[in-house]
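Report on the following structure.
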Amino acid sequence: MDTKATPVFRDLVHADKSELQLMGGKASSLAILLQKGFPVPEGAVLFHEPLETQTYDAITTWWENQGTFPVAVRSSASGEDSPDFSYAGQFVTLLHIATKKDLCAAIKTCFQAVHRTASQAYASHFERAEIPMHVLIQRMINSQFSGVFFSMDPRAENSSWLVEVVEGQGEQLVSGQVTPFRFSAGKDSAAPTRWKKEYLEQVVHWGQEVEKTFGYKVDMEWAIDQEGRFWILQSRPITAHAAPSSRRKVLDQEWQRVRSSYPQESIWDGHTFAEWTGIPTELTFDIWQRTFQEGQAFDLALKSIGYEGLGHQVPEFSLLDRVYGRAYLNLKSMEPVYFGRSPYRLVPNPRPHLEFDWKKLTPSVMLRAPLGLTKMLQVAWKIQTGRSELAQKALSYVKSPAFSKMDSFALFEQNKNLSLNEQQKKLKELCEAFSKDYLQGTFLITLLIESTTQGLFALLEKDLGKERASETVHLLTGEGLQTVASRMYQELSQIEDSDEKWQSFLSRYGHRGVGELELSHPRWLETAKPHLKKSKSVRALSSEGSKIFDELLPQLSTIRRPVFKQEWQDLQKLMQVREEIKMELMKPYAQIRWLALAIAEKVKLGADIFWFKLDEVLSLRDTQNLESLQTLARERKQTAHHLKSVDLPMLFSLQELRDVLDETKPQDNSLVLTGVSLSPGVASGVVHIVNDPDQEDLEAWPDNYVLVTEATDPGWTPLFQRARAVIVARGGVLSHCAIVAREMGLPAVGEIRGASQIFKEGERVWVDGNHGSVRRNN
């Protein structure tokens, strides 16, 4: 785009024909409707990023002249809705912008979105054409009702229009998180409270007028504000992607698969992969699913301690299931892996543990009982007396291989110039070693931590009672901890604008990154230097001892105090080893990503490579039909998009899954929401919902934000340093969120299902990390 010939920004109502063509579909449709007198909120488009302060002054002056109403700021690109456009996830929508400072920061953040991962290292894998970018600023509507009007029912249930309605903002409807009320021609339907017949008449009238204006069937997003006024928020052609039937079909097929594939007593636990945000890609899930098969890392780790292991399973059986796209361990399948057929069952709450079950006491089980009891005692003794040696053994799995001596730059360059066959051979070898050998240390240290945690609980229960003991163990885990990950966070926060510090950081930690369990996410080595400026308000990691520990010790009986102190210190050491293992483990994992990208470059698949299973990637040839591969990747991405709309709890049975999928149940709008305490403390602040930490301008953050998101990992730490408290939908007491929040003295609550949909951007909440609850203001 010739930025010299194009104005920096233009009010939608005054845009001419040539400017409409530059805007892209969404903004130009709104401008056309606004100019024709349709009820569209005021707005303006920025055609390129302002380079001078005077330009920002002109934008804020325009905004002041309009009345300084709260606005939404959205980054967009020409052609972003086209089928072959793959960058949509990199664009940003920032809502409820209400100050000059926040408006300018939002504009900068939006323009930076497409460039965020375009560093030299990342660009070496893909040639990215420059994408014409623009930013749309539009007045926010305080919605009483929101919805979508289809001028033709995309479900094909009738030949006339369809209207979908939700109360409040429409983001929950568009994302598929809330089931709407539906109205269609000639049919009486249930309606939300305070809904009026004339509202429906307005929606249908204006929707049909929009259809006449553009000459094609439309999908129109709309809102009714608090005063009952109708507004058009967006208009586009109806596509298969917009059809509710497409989502319904995918969800129905998944329910049939789950119901027919698993027994009625099935229970799934998602805590192991609590940091895994979103739906894992095919390659990512395939590699992790293999590691829970017989003869692989999890099985071998169990047997190394003395547990039974997976035994003789059907080929390719795995304890790791996909349920509505997400990764869950099947607890029913896990029952025999500890002590074989025994009179014990896995009880999922408050954390999965074994309990005696009289119903399992059959004659054959009774015959095995002495052997099972002996095995239990042997495992307990081995862990109790050899905990330190086992921890060092766990560390050796990732400290011995050659990659442990290499920095991130060397890892990145290692396999870059190989032929396609050589790269595929390397990838196969690396994935096999990762799933069988390298991950053994991770599982071994996890088993030790779980065992030590249960021992701590049993010890505390004698003096504190069951409920308080459970609460205390939650709060103690990670208390006063200083790990290799802590040092990484500290170095990241001290980079500021120093290229030297950034290069030094990358040499040690460049193989880590945001959302690093997902292979499709870039590592820090591939990203541009973050703009982190030192601030007095940044929270430093705590170096103090454990206040909770000091307060707790006098409450325990004298005889149990030294035992408790030793167990707690052992747990701290195990947690430190866990972080050391993860630091090393992410090196070969990053190499798997980089090898996959190198193969993708050879076969011209780009980022679609991650939507193929390992065997599929290994069988790719540079002479294959590219179009059929891209079609398959697109179908899998579309399925994942629909499955993502189902918000599952961390722990659920097949019966509970039925209740979760009951879309007729109302959304939880209660004032007090209860989850799990991740970090103690109480704080009040304003909700800020974050989906991608890379898209956040920390300099624009006020001092009273409460961070709300699905889950976190190490890449989120800079946001923790700016937040007053944290609320996550996924994440247990051993998760990154819990550990880092406790290190920083930051109140945190986890397992608030649908947190990003329940809370509204800008609302004020009280976060009670002591009791695991969140109170919303009226």
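Identifiers for the structure tokens are assigned positionally: chains receive A, B, ... in sequence, residues are indexed from 1 per chain, and ligands are indexed from 1 in the order shown.
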* Asked: Running DSSP on the backbone, which parts of region 277-350 of chain A land in helix (DSSP H, G or I), as a PyMOL selection string?
  -> chain A and resi 282-290+297-305+331-339
Include C-alpha atoms and write out the residues we just selected as an mmCIF file, in the first residue's frame.
```cif
data_model
loop_
_atom_site.group_PDB
_atom_site.id
_atom_site.type_symbol
_atom_site.label_atom_id
_atom_site.label_comp_id
_atom_site.auth_asym_id
_atom_site.auth_seq_id
_atom_site.Cartn_x
_atom_site.Cartn_y
_atom_site.Cartn_z
ATOM 1 C CA GLU A 282 -2.864 -33.447 15.443
ATOM 2 C CA LEU A 283 0.942 -33.673 15.574
ATOM 3 C CA THR A 284 1.102 -32.377 19.152
ATOM 4 C CA PHE A 285 -1.549 -34.743 20.496
ATOM 5 C CA ASP A 286 -0.193 -37.738 18.566
ATOM 6 C CA ILE A 287 3.273 -37.405 20.122
ATOM 7 C CA TRP A 288 1.889 -37.093 23.661
ATOM 8 C CA GLN A 289 -0.635 -39.901 23.188
ATOM 9 C CA ARG A 290 2.187 -42.264 22.196
ATOM 10 C CA ALA A 297 7.754 -43.216 29.028
ATOM 11 C CA PHE A 298 4.769 -43.287 31.413
ATOM 12 C CA ASP A 299 4.666 -47.088 31.531
ATOM 13 C CA LEU A 300 8.437 -47.323 32.086
ATOM 14 C CA ALA A 301 8.366 -44.641 34.816
ATOM 15 C CA LEU A 302 5.663 -46.584 36.689
ATOM 16 C CA LYS A 303 7.612 -49.831 36.486
ATOM 17 C CA SER A 304 10.858 -48.173 37.620
ATOM 18 C CA ILE A 305 9.238 -47.412 40.993
ATOM 19 C CA LEU A 331 -8.784 -42.710 35.176
ATOM 20 C CA LYS A 332 -10.823 -45.882 34.683
ATOM 21 C CA SER A 333 -8.074 -47.295 32.447
ATOM 22 C CA MET A 334 -5.444 -46.190 34.989
ATOM 23 C CA GLU A 335 -6.832 -48.225 37.929
ATOM 24 C CA PRO A 336 -4.867 -51.448 37.164
ATOM 25 C CA VAL A 337 -1.582 -49.721 36.230
ATOM 26 C CA TYR A 338 -0.603 -49.220 39.866
ATOM 27 C CA PHE A 339 -1.110 -52.625 41.510
#
```
* Restricting the calculation to only C-alpha atoms, which member of A:Glu496, A:Glu516, A:Glu167, A:Asp768 is positioned closest to Ser679 (chain A)? ->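 Among the listed residues, the smallest separation from Ser679 (chain A) belongs to A:Asp768.
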* Rank nothing, just name the residue among A:Gly147, A:Gly745, A:Gly168, A:Pro649 nearest to Gln226 (chain A), using only C-alpha atoms. =>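 Closest to Gln226 (chain A), using only C-alpha atoms: A:Gly168.
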* Pick out the closest residue to Gly67 (chain A) from this set: A:Thr674, A:Thr99, A:Asn415, A:Ser619. Count only C-alpha atoms. => A:Thr99
For the contact check between region 557-606 of chain A and region 453-464 of chain A, emit one row per residue of region 557-606 of chain A within 8 Å, containing the shortest atom pair and the distance in Å rounded to one decimal, counting only C-alpha atoms, chain then rising number order, as a tab-separated table.
```
residue	atom	partner	partner_atom	distance
A:Ser557	CA	A:Asp463	CA	7.0
A:Arg560	CA	A:Leu459	CA	7.5
A:Phe564	CA	A:Leu456	CA	6.9
A:Glu567	CA	A:Leu456	CA	6.6
A:Trp568	CA	A:Leu456	CA	7.3
A:Leu571	CA	A:Thr453	CA	7.3
```
* Between CA of Gly675 (chain A) and CA of His271 (chain A) - distance in Å to one decimal ->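 Going from CA of His271 (chain A) over to CA of Gly675 (chain A) covers 13.9 Å.
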* To do: For Ala410 (chain A), work out the shell of residues within 12 Å, counting only C-alpha atoms and skipping chain neighbours fewer than 6 positions away, then give it as a list in words.
  => Ala402, Phe403, Ser404, Lys416, Leu506, Ser507, Arg508, Gly510, His511, Leu525, Lys587, Pro588, Ala590, Gln591 and Trp594 of chain A
* Which is closest to Met575 (chain A) among A:Lys196, A:Trp255, A:His736, A:Ala633, if we use only C-alpha atoms? -> A:His736
* To do: Pick out the residues sitting within 7 Å of region 420-432 of chain A, and hand them over as a PyMOL selection string; count only C-alpha atoms, and ignore anything fewer than 5 positions along from it in its own chain.
  => chain A and resi 287+415+592+595+599+602+618
Export N, CA, C and O atoms of the chosen residues as a tab-separated table (two decimals), in the first residue's frame?
```tsv
chain	number	residue	atom	x	y	z
A	287	ILE	N	2.00	-37.15	19.43
A	287	ILE	CA	3.27	-37.41	20.12
A	287	ILE	C	3.03	-37.67	21.61
A	287	ILE	O	3.63	-38.59	22.19
A	415	ASN	N	19.45	-29.17	12.32
A	415	ASN	CA	18.93	-30.04	11.27
A	415	ASN	C	18.33	-29.27	10.09
A	415	ASN	O	17.57	-29.83	9.30
A	592	ILE	N	11.66	-30.77	17.71
A	592	ILE	CA	10.58	-31.44	16.98
A	592	ILE	C	9.80	-30.40	16.18
A	592	ILE	O	9.48	-30.62	14.99
A	595	LEU	N	12.03	-29.17	13.20
A	595	LEU	CA	12.13	-30.18	12.15
A	595	LEU	C	10.83	-30.25	11.35
A	595	LEU	O	10.84	-30.38	10.13
A	599	ILE	N	10.41	-29.58	7.32
A	599	ILE	CA	9.71	-30.50	6.40
A	599	ILE	C	8.58	-29.76	5.69
A	599	ILE	O	8.37	-29.93	4.48
A	602	LYS	N	9.79	-27.83	2.77
A	602	LYS	CA	10.11	-28.66	1.62
A	602	LYS	C	8.86	-29.03	0.82
A	602	LYS	O	8.88	-29.08	-0.41
A	618	LEU	N	5.66	-38.12	8.32
A	618	LEU	CA	6.80	-38.92	7.87
A	618	LEU	C	6.61	-39.49	6.47
A	618	LEU	O	7.59	-39.86	5.81
```
* Any idea what's packed within 9 Å of Ala190 (chain A), counting only C-alpha atoms, ignoring anything in its chain fewer than 6 positions away? Could you give it as an NGL selection string? -> :A and (181-183)
Do a neighbour search on Ser396 (chain A) at 10 Å with only C-alpha atoms, toss out local chain neighbours closer than 6 positions, and write the hits as an mmCIF file with N, CA, C and O atoms, in the first residue's frame.
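Contents of result.cif, as written:
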```cif
data_model
loop_
_atom_site.group_PDB
_atom_site.id
_atom_site.type_symbol
_atom_site.label_atom_id
_atom_site.label_comp_id
_atom_site.auth_asym_id
_atom_site.auth_seq_id
_atom_site.Cartn_x
_atom_site.Cartn_y
_atom_site.Cartn_z
ATOM 1 N N LEU A 390 15.924 -41.248 43.376
ATOM 2 C CA LEU A 390 14.958 -41.321 42.276
ATOM 3 C C LEU A 390 14.839 -39.972 41.558
ATOM 4 O O LEU A 390 14.685 -39.914 40.330
ATOM 5 N N TYR A 438 13.070 -39.471 27.049
ATOM 6 C CA TYR A 438 13.205 -38.165 27.680
ATOM 7 C C TYR A 438 12.080 -37.869 28.666
ATOM 8 O O TYR A 438 12.303 -37.252 29.713
ATOM 9 N N GLN A 440 10.478 -39.907 30.546
ATOM 10 C CA GLN A 440 10.459 -40.750 31.744
ATOM 11 C C GLN A 440 10.754 -39.924 32.997
ATOM 12 O O GLN A 440 10.138 -40.113 34.044
ATOM 13 N N GLY A 441 11.716 -39.012 32.883
ATOM 14 C CA GLY A 441 12.065 -38.181 34.033
ATOM 15 C C GLY A 441 10.914 -37.324 34.495
ATOM 16 O O GLY A 441 10.673 -37.160 35.705
ATOM 17 N N ILE A 581 13.952 -30.351 34.971
ATOM 18 C CA ILE A 581 13.646 -31.344 33.936
ATOM 19 C C ILE A 581 12.879 -30.692 32.789
ATOM 20 O O ILE A 581 13.191 -30.916 31.613
#
```
* Coordinates-based distance that separates CA of Thr442 (chain A) from CA of Leu651 (chain A) (Å, one decimal) ->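 Going from CA of Leu651 (chain A) over to CA of Thr442 (chain A), I get 21.8 Å.
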* Using only C-alpha atoms, which of A:Ile279, A:Ile449, A:Val687, A:Ile32 sits nearest Arg387 (chain A)? -> A:Ile449
Can you pull out the residues contacting Asp647 (chain A)? Cut-off 9 Å, using only C-alpha atoms, and skip same-chain residues under 4 positions away; I want them as a compact mmCIF listing (two decimals) with C-alpha atoms, in the first residue's frame.
```
# COMPACT_ATOMS: atom_id res chain seq x y z
CA GLN A 177 -20.11 -20.67 24.26
CA LEU A 643 -15.01 -28.51 19.50
CA VAL A 660 -22.14 -30.46 30.63
CA LEU A 661 -23.42 -30.81 27.06
CA ARG A 753 -15.19 -23.02 34.13
CA GLY A 754 -15.79 -20.65 31.24
```
* Structure fact -> Using only C-alpha atoms, the shortest atom-to-atom distance to Lys529 (chain A) among A:Gln503, A:Asn691, A:Gln638, A:Gln555 belongs to A:Gln503
* Could you tell me how far CA of Ile97 (chain A) lies from CA of Gly685 (chain A), in Å and to one decimal? =>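 CA of Ile97 (chain A) sits 16.6 Å away from CA of Gly685 (chain A).
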